[in-house]
>>> print(open('my_file_27.cif').read())   # mmCIF, C-alpha atoms and all ligand atoms
data_final
loop_
_atom_site.group_PDB
_atom_site.id
_atom_site.type_symbol
_atom_site.label_atom_id
_atom_site.label_comp_id
_atom_site.auth_asym_id
_atom_site.auth_seq_id
_atom_site.Cartn_x
_atom_site.Cartn_y
_atom_site.Cartn_z
ATOM 1 C CA GLU A 1 -14.934 -22.004 -7.678
ATOM 2 C CA ALA A 2 -12.816 -20.128 -5.180
ATOM 3 C CA PRO A 3 -9.097 -20.696 -5.743
ATOM 4 C CA THR A 4 -7.776 -22.780 -2.862
ATOM 5 C CA GLY A 5 -5.211 -20.789 -0.948
ATOM 6 C CA ALA A 6 -3.042 -19.603 -3.840
ATOM 7 C CA GLY A 7 -3.198 -15.906 -2.998
ATOM 8 C CA PRO A 8 -1.039 -13.117 -4.401
ATOM 9 C CA ARG A 9 2.493 -13.825 -5.584
ATOM 10 C CA LEU A 10 3.607 -10.676 -3.690
ATOM 11 C CA VAL A 11 1.826 -8.107 -1.521
ATOM 12 C CA LEU A 12 3.328 -4.601 -1.238
ATOM 13 C CA VAL A 13 2.733 -2.456 1.826
ATOM 14 C CA GLY A 14 4.255 0.862 2.873
ATOM 15 C CA PRO A 15 3.475 4.562 3.082
ATOM 16 C CA MET A 16 1.785 6.517 0.301
ATOM 17 C CA GLY A 17 4.252 7.830 -2.230
ATOM 18 C CA VAL A 18 6.831 5.118 -1.546
ATOM 19 C CA GLY A 19 6.285 3.735 -5.046
ATOM 20 C CA LYS A 20 4.024 0.741 -4.445
ATOM 21 C CA SER A 21 2.158 1.265 -7.737
ATOM 22 C CA THR A 22 5.227 1.921 -9.881
ATOM 23 C CA VAL A 23 7.309 -0.850 -8.324
ATOM 24 C CA GLY A 24 4.310 -3.179 -8.262
ATOM 25 C CA ALA A 25 3.721 -2.770 -11.998
ATOM 26 C CA LEU A 26 7.432 -3.379 -12.697
ATOM 27 C CA LEU A 27 7.403 -6.495 -10.519
ATOM 28 C CA ALA A 28 4.267 -7.826 -12.178
ATOM 29 C CA ALA A 29 5.857 -7.380 -15.620
ATOM 30 C CA ARG A 30 9.060 -9.089 -14.481
ATOM 31 C CA LEU A 31 7.148 -11.997 -12.959
ATOM 32 C CA GLY A 32 4.663 -12.261 -15.827
ATOM 33 C CA VAL A 33 1.636 -11.818 -13.574
ATOM 34 C CA ALA A 34 -1.120 -9.233 -13.217
ATOM 35 C CA TYR A 35 -0.879 -6.117 -11.062
ATOM 36 C CA ARG A 36 -3.707 -5.001 -8.795
ATOM 37 C CA ASP A 37 -4.080 -2.104 -6.356
ATOM 38 C CA THR A 38 -6.766 -1.969 -3.674
ATOM 39 C CA ASP A 39 -7.040 1.844 -3.959
ATOM 40 C CA ASP A 40 -7.973 1.389 -7.645
ATOM 41 C CA ASP A 41 -10.514 -1.296 -6.692
ATOM 42 C CA ILE A 42 -12.188 1.100 -4.250
ATOM 43 C CA VAL A 43 -12.208 4.025 -6.708
ATOM 44 C CA ALA A 44 -13.690 1.788 -9.420
ATOM 45 C CA ALA A 45 -16.368 0.367 -7.124
ATOM 46 C CA GLU A 46 -17.308 3.771 -5.710
ATOM 47 C CA GLY A 47 -17.022 5.747 -8.928
ATOM 48 C CA ARG A 48 -15.267 8.635 -7.137
ATOM 49 C CA PRO A 49 -11.733 9.468 -6.028
ATOM 50 C CA ILE A 50 -10.461 8.570 -2.553
ATOM 51 C CA SER A 51 -10.147 12.257 -1.605
ATOM 52 C CA GLU A 52 -13.884 12.587 -2.243
ATOM 53 C CA ILE A 53 -14.709 9.521 -0.125
ATOM 54 C CA PHE A 54 -12.714 11.071 2.757
ATOM 55 C CA VAL A 55 -14.425 14.457 2.398
ATOM 56 C CA ASP A 56 -17.981 13.164 1.889
ATOM 57 C CA ASP A 57 -18.069 10.157 4.217
ATOM 58 C CA GLY A 58 -15.010 10.384 6.460
ATOM 59 C CA GLU A 59 -11.917 8.293 6.994
ATOM 60 C CA GLU A 60 -13.739 5.656 9.044
ATOM 61 C CA HIS A 61 -16.048 4.866 6.136
ATOM 62 C CA PHE A 62 -13.079 4.688 3.784
ATOM 63 C CA ARG A 63 -11.330 2.241 6.158
ATOM 64 C CA ALA A 64 -14.383 -0.059 6.111
ATOM 65 C CA LEU A 65 -14.393 -0.041 2.298
ATOM 66 C CA GLU A 66 -10.656 -0.670 2.322
ATOM 67 C CA LYS A 67 -10.882 -3.594 4.728
ATOM 68 C CA ALA A 68 -13.404 -5.331 2.455
ATOM 69 C CA ALA A 69 -11.402 -4.507 -0.685
ATOM 70 C CA VAL A 70 -8.194 -5.956 0.795
ATOM 71 C CA ALA A 71 -9.904 -9.162 1.935
ATOM 72 C CA ALA A 72 -11.451 -9.625 -1.525
ATOM 73 C CA ALA A 73 -8.180 -8.956 -3.354
ATOM 74 C CA LEU A 74 -6.215 -11.342 -1.108
ATOM 75 C CA ALA A 75 -8.762 -14.068 -1.843
ATOM 76 C CA GLU A 76 -9.030 -13.436 -5.597
ATOM 77 C CA HIS A 77 -5.741 -12.132 -6.932
ATOM 78 C CA ASP A 78 -2.751 -14.323 -7.731
ATOM 79 C CA GLY A 79 -0.388 -11.634 -9.076
ATOM 80 C CA VAL A 80 1.249 -8.622 -7.452
ATOM 81 C CA LEU A 81 -1.044 -6.738 -5.061
ATOM 82 C CA ALA A 82 -0.399 -3.246 -3.638
ATOM 83 C CA LEU A 83 -2.345 -2.078 -0.580
ATOM 84 C CA GLY A 84 -3.166 1.517 0.367
ATOM 85 C CA GLY A 85 -0.765 3.001 2.905
ATOM 86 C CA GLY A 86 -3.228 2.760 5.787
ATOM 87 C CA ALA A 87 -4.574 -0.743 5.145
ATOM 88 C CA ILE A 88 -2.351 -2.145 7.908
ATOM 89 C CA LEU A 89 -4.147 -0.019 10.544
ATOM 90 C CA ASP A 90 -6.821 -2.709 10.743
ATOM 91 C CA ALA A 91 -6.002 -5.627 13.038
ATOM 92 C CA GLY A 92 -8.149 -8.050 11.036
ATOM 93 C CA THR A 93 -6.293 -7.098 7.860
ATOM 94 C CA ARG A 94 -2.957 -7.611 9.616
ATOM 95 C CA ALA A 95 -4.086 -11.082 10.706
ATOM 96 C CA LEU A 96 -5.038 -11.956 7.108
ATOM 97 C CA LEU A 97 -1.673 -10.730 5.849
ATOM 98 C CA ALA A 98 0.196 -13.207 8.052
ATOM 99 C CA ALA A 99 -0.536 -15.896 5.444
ATOM 100 C CA HIS A 100 0.933 -13.915 2.515
ATOM 101 C CA PRO A 101 4.335 -12.923 1.110
ATOM 102 C CA VAL A 102 4.276 -9.293 2.240
ATOM 103 C CA VAL A 103 7.036 -6.837 1.296
ATOM 104 C CA TYR A 104 7.350 -3.523 3.163
ATOM 105 C CA LEU A 105 8.693 -0.737 0.970
ATOM 106 C CA SER A 106 10.119 1.775 3.440
ATOM 107 C CA MET A 107 11.374 5.345 3.242
ATOM 108 C CA ASP A 108 12.474 7.909 5.792
ATOM 109 C CA VAL A 109 10.584 11.127 6.540
ATOM 110 C CA ASP A 110 12.876 13.370 4.446
ATOM 111 C CA GLU A 111 12.376 11.139 1.416
ATOM 112 C CA ALA A 112 8.609 11.101 2.025
ATOM 113 C CA VAL A 113 8.391 14.899 2.154
ATOM 114 C CA ARG A 114 10.514 15.206 -0.994
ATOM 115 C CA ARG A 115 8.427 12.693 -2.917
ATOM 116 C CA THR A 116 4.928 13.766 -1.954
ATOM 117 C CA GLY A 117 5.185 17.419 -0.900
ATOM 118 C CA LEU A 118 1.896 19.168 -0.289
ATOM 119 C CA ASN A 119 -0.412 16.759 -2.032
ATOM 120 C CA VAL A 120 -4.086 17.607 -2.300
ATOM 121 C CA ALA A 121 -4.930 14.197 -3.743
ATOM 122 C CA ARG A 122 -3.662 12.624 -0.507
ATOM 123 C CA PRO A 123 -6.072 13.656 2.235
ATOM 124 C CA LEU A 124 -3.684 12.843 5.073
ATOM 125 C CA LEU A 125 -1.032 15.375 4.016
ATOM 126 C CA THR A 126 -2.837 18.595 3.322
ATOM 127 C CA VAL A 127 -1.815 20.815 6.249
ATOM 128 C CA ASN A 128 1.790 20.348 7.352
ATOM 129 C CA PRO A 129 3.405 17.567 5.350
ATOM 130 C CA ARG A 130 6.566 17.166 7.445
ATOM 131 C CA LYS A 131 4.763 17.033 10.796
ATOM 132 C CA GLN A 132 2.064 14.776 9.363
ATOM 133 C CA TRP A 133 4.641 12.463 7.829
ATOM 134 C CA ARG A 134 6.548 12.210 11.122
ATOM 135 C CA GLU A 135 3.345 11.306 12.977
ATOM 136 C CA LEU A 136 2.205 8.846 10.314
ATOM 137 C CA MET A 137 5.567 7.071 10.261
ATOM 138 C CA GLU A 138 5.711 6.889 14.061
ATOM 139 C CA ALA A 139 2.187 5.479 14.238
ATOM 140 C CA ARG A 140 2.617 2.966 11.439
ATOM 141 C CA ARG A 141 6.232 1.835 11.134
ATOM 142 C CA HIS A 142 5.801 -1.020 13.604
ATOM 143 C CA LEU A 143 2.611 -2.159 11.858
ATOM 144 C CA TYR A 144 4.329 -2.392 8.465
ATOM 145 C CA THR A 145 7.180 -4.275 10.108
ATOM 146 C CA GLU A 146 4.765 -6.609 11.882
ATOM 147 C CA VAL A 147 3.083 -7.803 8.667
ATOM 148 C CA ALA A 148 6.195 -7.912 6.458
ATOM 149 C CA ARG A 149 8.369 -10.921 5.679
ATOM 150 C CA VAL A 150 10.854 -8.643 3.932
ATOM 151 C CA VAL A 151 11.690 -4.931 4.252
ATOM 152 C CA VAL A 152 13.183 -3.095 1.267
ATOM 153 C CA ALA A 153 14.420 0.473 1.805
ATOM 154 C CA THR A 154 13.655 2.726 -1.158
ATOM 155 C CA ASP A 155 15.589 5.855 -0.125
ATOM 156 C CA GLY A 156 17.677 7.147 -3.025
ATOM 157 C CA ARG A 157 16.739 4.222 -5.259
ATOM 158 C CA THR A 158 14.918 4.247 -8.591
ATOM 159 C CA PRO A 159 11.781 2.096 -8.992
ATOM 160 C CA GLU A 160 13.824 -0.314 -11.141
ATOM 161 C CA GLU A 161 16.421 -0.670 -8.392
ATOM 162 C CA VAL A 162 13.710 -1.217 -5.790
ATOM 163 C CA ALA A 163 12.034 -3.888 -7.937
ATOM 164 C CA GLU A 164 15.390 -5.609 -8.363
ATOM 165 C CA ALA A 165 15.950 -5.541 -4.584
ATOM 166 C CA VAL A 166 12.508 -7.025 -3.988
ATOM 167 C CA LEU A 167 13.194 -9.864 -6.431
ATOM 168 C CA ASP A 168 16.577 -10.520 -4.785
ATOM 169 C CA ALA A 169 15.015 -10.598 -1.323
ATOM 170 C CA THR A 170 12.009 -12.828 -2.047
HETATM 171 C C1 LIG B 1 -3.706 6.336 2.691
HETATM 172 C C2 LIG B 1 -2.987 5.973 1.576
HETATM 173 C C3 LIG B 1 -3.531 6.067 0.208
HETATM 174 C C4 LIG B 1 -5.048 5.969 0.212
HETATM 175 C C5 LIG B 1 -5.629 6.948 1.176
HETATM 176 C C6 LIG B 1 -5.123 6.774 2.597
HETATM 177 C C7 LIG B 1 -3.083 6.229 4.015
HETATM 178 O O1 LIG B 1 -2.991 5.011 -0.578
HETATM 179 O O2 LIG B 1 -5.456 4.674 0.525
HETATM 180 O O3 LIG B 1 -5.328 8.244 0.707
HETATM 181 O O4 LIG B 1 -3.801 6.212 5.024
HETATM 182 O O5 LIG B 1 -1.840 6.122 4.086
HETATM 183 P P1 LIG B 1 -1.511 4.995 -1.240
HETATM 184 O O6 LIG B 1 -0.594 4.451 -0.198
HETATM 185 O O7 LIG B 1 -1.675 4.049 -2.386
HETATM 186 O O8 LIG B 1 -1.211 6.388 -1.675
#
>>> encode(input="my_file_27.cif", output="structure tokens")
Amino acid sequence: EAPTGAGPRLVLVGPMGVGKSTVGALLAARLGVAYRDTDDDIVAAEGRPISEIFVDDGEEHFRALEKAAVAAALAEHDGVLALGGGAILDAGTRALLAAHPVVYLSMDVDEAVRRTGLNVARPLLTVNPRKQWRELMEARRHLYTEVARVVVATDGRTPEEVAEAVLDAT
């Protein structure tokens, strides 16, 4: 039987490297619920890393897989759910998220460059991290804000402090 409208206890969105996985696992432990990450779901289903999906089949194909993975996780998971940084690019996904307690973990460009650097496992950052981060943030900031009920800034904070701020704010 499909669970009727329970949905995740919390959904984390925000740019890659902001700490969604680390903070999400801390939050799940604090709340006594399970943690789930749609990137992990995709990697498990595909049997290959995300960087390989991008290289072999392109970003558009990855986005289609991601859209389906997010819809499935929102329907099935009742714990803490973290979405990949680009999941909010899809308008259908944003519409689904309107029904859920979404928290946007934010960071500024300097913090993003410091945390991720030149990261070969992250296909969107492999040429010029600072320029690419600036463009990504400009293209996406309003989309994160649109889907979020709460925004928690992570700049200069430890994952424990961020988790605490999320619990205070929700
Ligand atoms: C992406 C973020 C990544 C992953 C993929 C694309 C993005 O997830 O889904 O590399 O477009 O921002 P994380 O935010 O979990 O790193």
>>> axis_aligned_box(input="my_file_27.cif", around="ligand LIG 1 (chain B)", padding_each_side="8 Å", output="AutoDock Vina command-line options")
--center_x -3.1 --center_y 6.1 --center_z 1.3 --size_x 21.0 --size_y 20.2 --size_z 23.4
>>> resolve_selection(input="my_file_27.cif", expression="the PyMOL selection byres (((not hetatm)) within 8 of (chain B and resi 1))", output="VMD selection string")
chain A and resid 13 to 18 20 to 21 37 to 39 50 to 51 66 82 to 87 121 to 124 136
>>> closest_residue(input="my_file_27.cif", among="A:Gly117, A:Gly7, A:Gly19, A:Gly24", to="A:Ala71", atoms="all atoms listed in the file")
A:Gly7
>>> atom_distance(input="my_file_27.cif", atom1="atom CA of A:Ala64", atom2="atom CA of A:Leu89")
11.2 Å
>>> resolve_selection(input="my_file_27.cif", expression="the PyMOL selection byres (((chain A and resi 73) around 9) and not hetatm)", output="PyMOL selection string")
chain A and resi 7-8+36-38+41+68-72+74-78+81
>>> closest_residue(input="my_file_27.cif", among="A:Val43, A:Val109, A:Val150, A:Thr145", to="A:Gln132", atoms="only C-alpha atoms")
A:Val109
>>> closest_residue(input="my_file_27.cif", among="A:Val55, A:Val152, A:Val113, A:Leu10", to="A:Leu27", atoms="all atoms listed in the file")
A:Leu10
>>> atom_distance(input="my_file_27.cif", atom1="atom CA of A:Val162", atom2="atom CA of A:Leu26")
9.6 Å
>>> closest_residue(input="my_file_27.cif", among="A:Ala169, A:Ile88, A:His100, A:Glu164", to="A:Glu146", atoms="all atoms listed in the file")
A:Ile88
>>> resolve_selection(input="my_file_27.cif", expression="the PyMOL selection byres (((chain A and resi 110) around 10) and not hetatm)", output="mmCIF file with C-alpha atoms, keeping the file's coordinate frame")
data_model
loop_
_atom_site.group_PDB
_atom_site.id
_atom_site.type_symbol
_atom_site.label_atom_id
_atom_site.label_comp_id
_atom_site.auth_asym_id
_atom_site.auth_seq_id
_atom_site.Cartn_x
_atom_site.Cartn_y
_atom_site.Cartn_z
ATOM 1 C CA MET A 107 11.374 5.345 3.242
ATOM 2 C CA ASP A 108 12.474 7.909 5.792
ATOM 3 C CA VAL A 109 10.584 11.127 6.540
ATOM 4 C CA GLU A 111 12.376 11.139 1.416
ATOM 5 C CA ALA A 112 8.609 11.101 2.025
ATOM 6 C CA VAL A 113 8.391 14.899 2.154
ATOM 7 C CA ARG A 114 10.514 15.206 -0.994
ATOM 8 C CA ARG A 115 8.427 12.693 -2.917
ATOM 9 C CA ARG A 130 6.566 17.166 7.445
ATOM 10 C CA TRP A 133 4.641 12.463 7.829
ATOM 11 C CA ARG A 134 6.548 12.210 11.122
ATOM 12 C CA ASP A 155 15.589 5.855 -0.125
#
>>> atom_distance(input="my_file_27.cif", atom1="atom CA of A:Arg30", atom2="atom CA of A:Ala165")
12.6 Å
>>> build_atoms(input="my_file_27.cif", residues="stretch 80-96 of chain A", atoms="N, CA and C atoms", output="mmCIF file, keeping the file's coordinate frame")
data_model
loop_
_atom_site.group_PDB
_atom_site.id
_atom_site.type_symbol
_atom_site.label_atom_id
_atom_site.label_comp_id
_atom_site.auth_asym_id
_atom_site.auth_seq_id
_atom_site.Cartn_x
_atom_site.Cartn_y
_atom_site.Cartn_z
ATOM 1 N N VAL A 80 0.679 -9.579 -8.404
ATOM 2 C CA VAL A 80 1.249 -8.622 -7.452
ATOM 3 C C VAL A 80 0.122 -7.709 -6.966
ATOM 4 N N LEU A 81 0.023 -7.553 -5.656
ATOM 5 C CA LEU A 81 -1.044 -6.738 -5.061
ATOM 6 C C LEU A 81 -0.435 -5.629 -4.211
ATOM 7 N N ALA A 82 -0.817 -4.374 -4.478
ATOM 8 C CA ALA A 82 -0.399 -3.246 -3.638
ATOM 9 C C ALA A 82 -1.576 -2.801 -2.783
ATOM 10 N N LEU A 83 -1.305 -2.550 -1.499
ATOM 11 C CA LEU A 83 -2.345 -2.078 -0.580
ATOM 12 C C LEU A 83 -2.171 -0.586 -0.328
ATOM 13 N N GLY A 84 -3.256 0.120 -0.044
ATOM 14 C CA GLY A 84 -3.166 1.517 0.367
ATOM 15 C C GLY A 84 -2.326 1.637 1.635
ATOM 16 N N GLY A 85 -1.710 2.801 1.802
ATOM 17 C CA GLY A 85 -0.765 3.001 2.905
ATOM 18 C C GLY A 85 -1.324 2.757 4.295
ATOM 19 N N GLY A 86 -2.643 2.919 4.460
ATOM 20 C CA GLY A 86 -3.228 2.760 5.787
ATOM 21 C C GLY A 86 -3.928 1.433 5.998
ATOM 22 N N ALA A 87 -3.843 0.536 5.043
ATOM 23 C CA ALA A 87 -4.574 -0.743 5.145
ATOM 24 C C ALA A 87 -4.161 -1.537 6.385
ATOM 25 N N ILE A 88 -2.885 -1.374 6.770
ATOM 26 C CA ILE A 88 -2.351 -2.145 7.908
ATOM 27 C C ILE A 88 -2.825 -1.623 9.266
ATOM 28 N N LEU A 89 -3.611 -0.522 9.279
ATOM 29 C CA LEU A 89 -4.147 -0.019 10.544
ATOM 30 C C LEU A 89 -5.169 -0.978 11.132
ATOM 31 N N ASP A 90 -5.768 -1.808 10.293
ATOM 32 C CA ASP A 90 -6.821 -2.709 10.743
ATOM 33 C C ASP A 90 -6.247 -4.049 11.221
ATOM 34 N N ALA A 91 -6.578 -4.412 12.448
ATOM 35 C CA ALA A 91 -6.002 -5.627 13.038
ATOM 36 C C ALA A 91 -6.435 -6.883 12.279
ATOM 37 N N GLY A 92 -7.678 -6.898 11.806
ATOM 38 C CA GLY A 92 -8.149 -8.050 11.036
ATOM 39 C C GLY A 92 -7.383 -8.205 9.733
ATOM 40 N N THR A 93 -7.103 -7.064 9.086
ATOM 41 C CA THR A 93 -6.293 -7.098 7.860
ATOM 42 C C THR A 93 -4.890 -7.607 8.169
ATOM 43 N N ARG A 94 -4.313 -7.140 9.258
ATOM 44 C CA ARG A 94 -2.957 -7.611 9.616
ATOM 45 C C ARG A 94 -2.959 -9.118 9.846
ATOM 46 N N ALA A 95 -4.006 -9.629 10.469
ATOM 47 C CA ALA A 95 -4.086 -11.082 10.706
ATOM 48 C C ALA A 95 -4.161 -11.835 9.380
ATOM 49 N N LEU A 96 -4.959 -11.323 8.439
ATOM 50 C CA LEU A 96 -5.038 -11.956 7.108
ATOM 51 C C LEU A 96 -3.682 -11.966 6.416
#
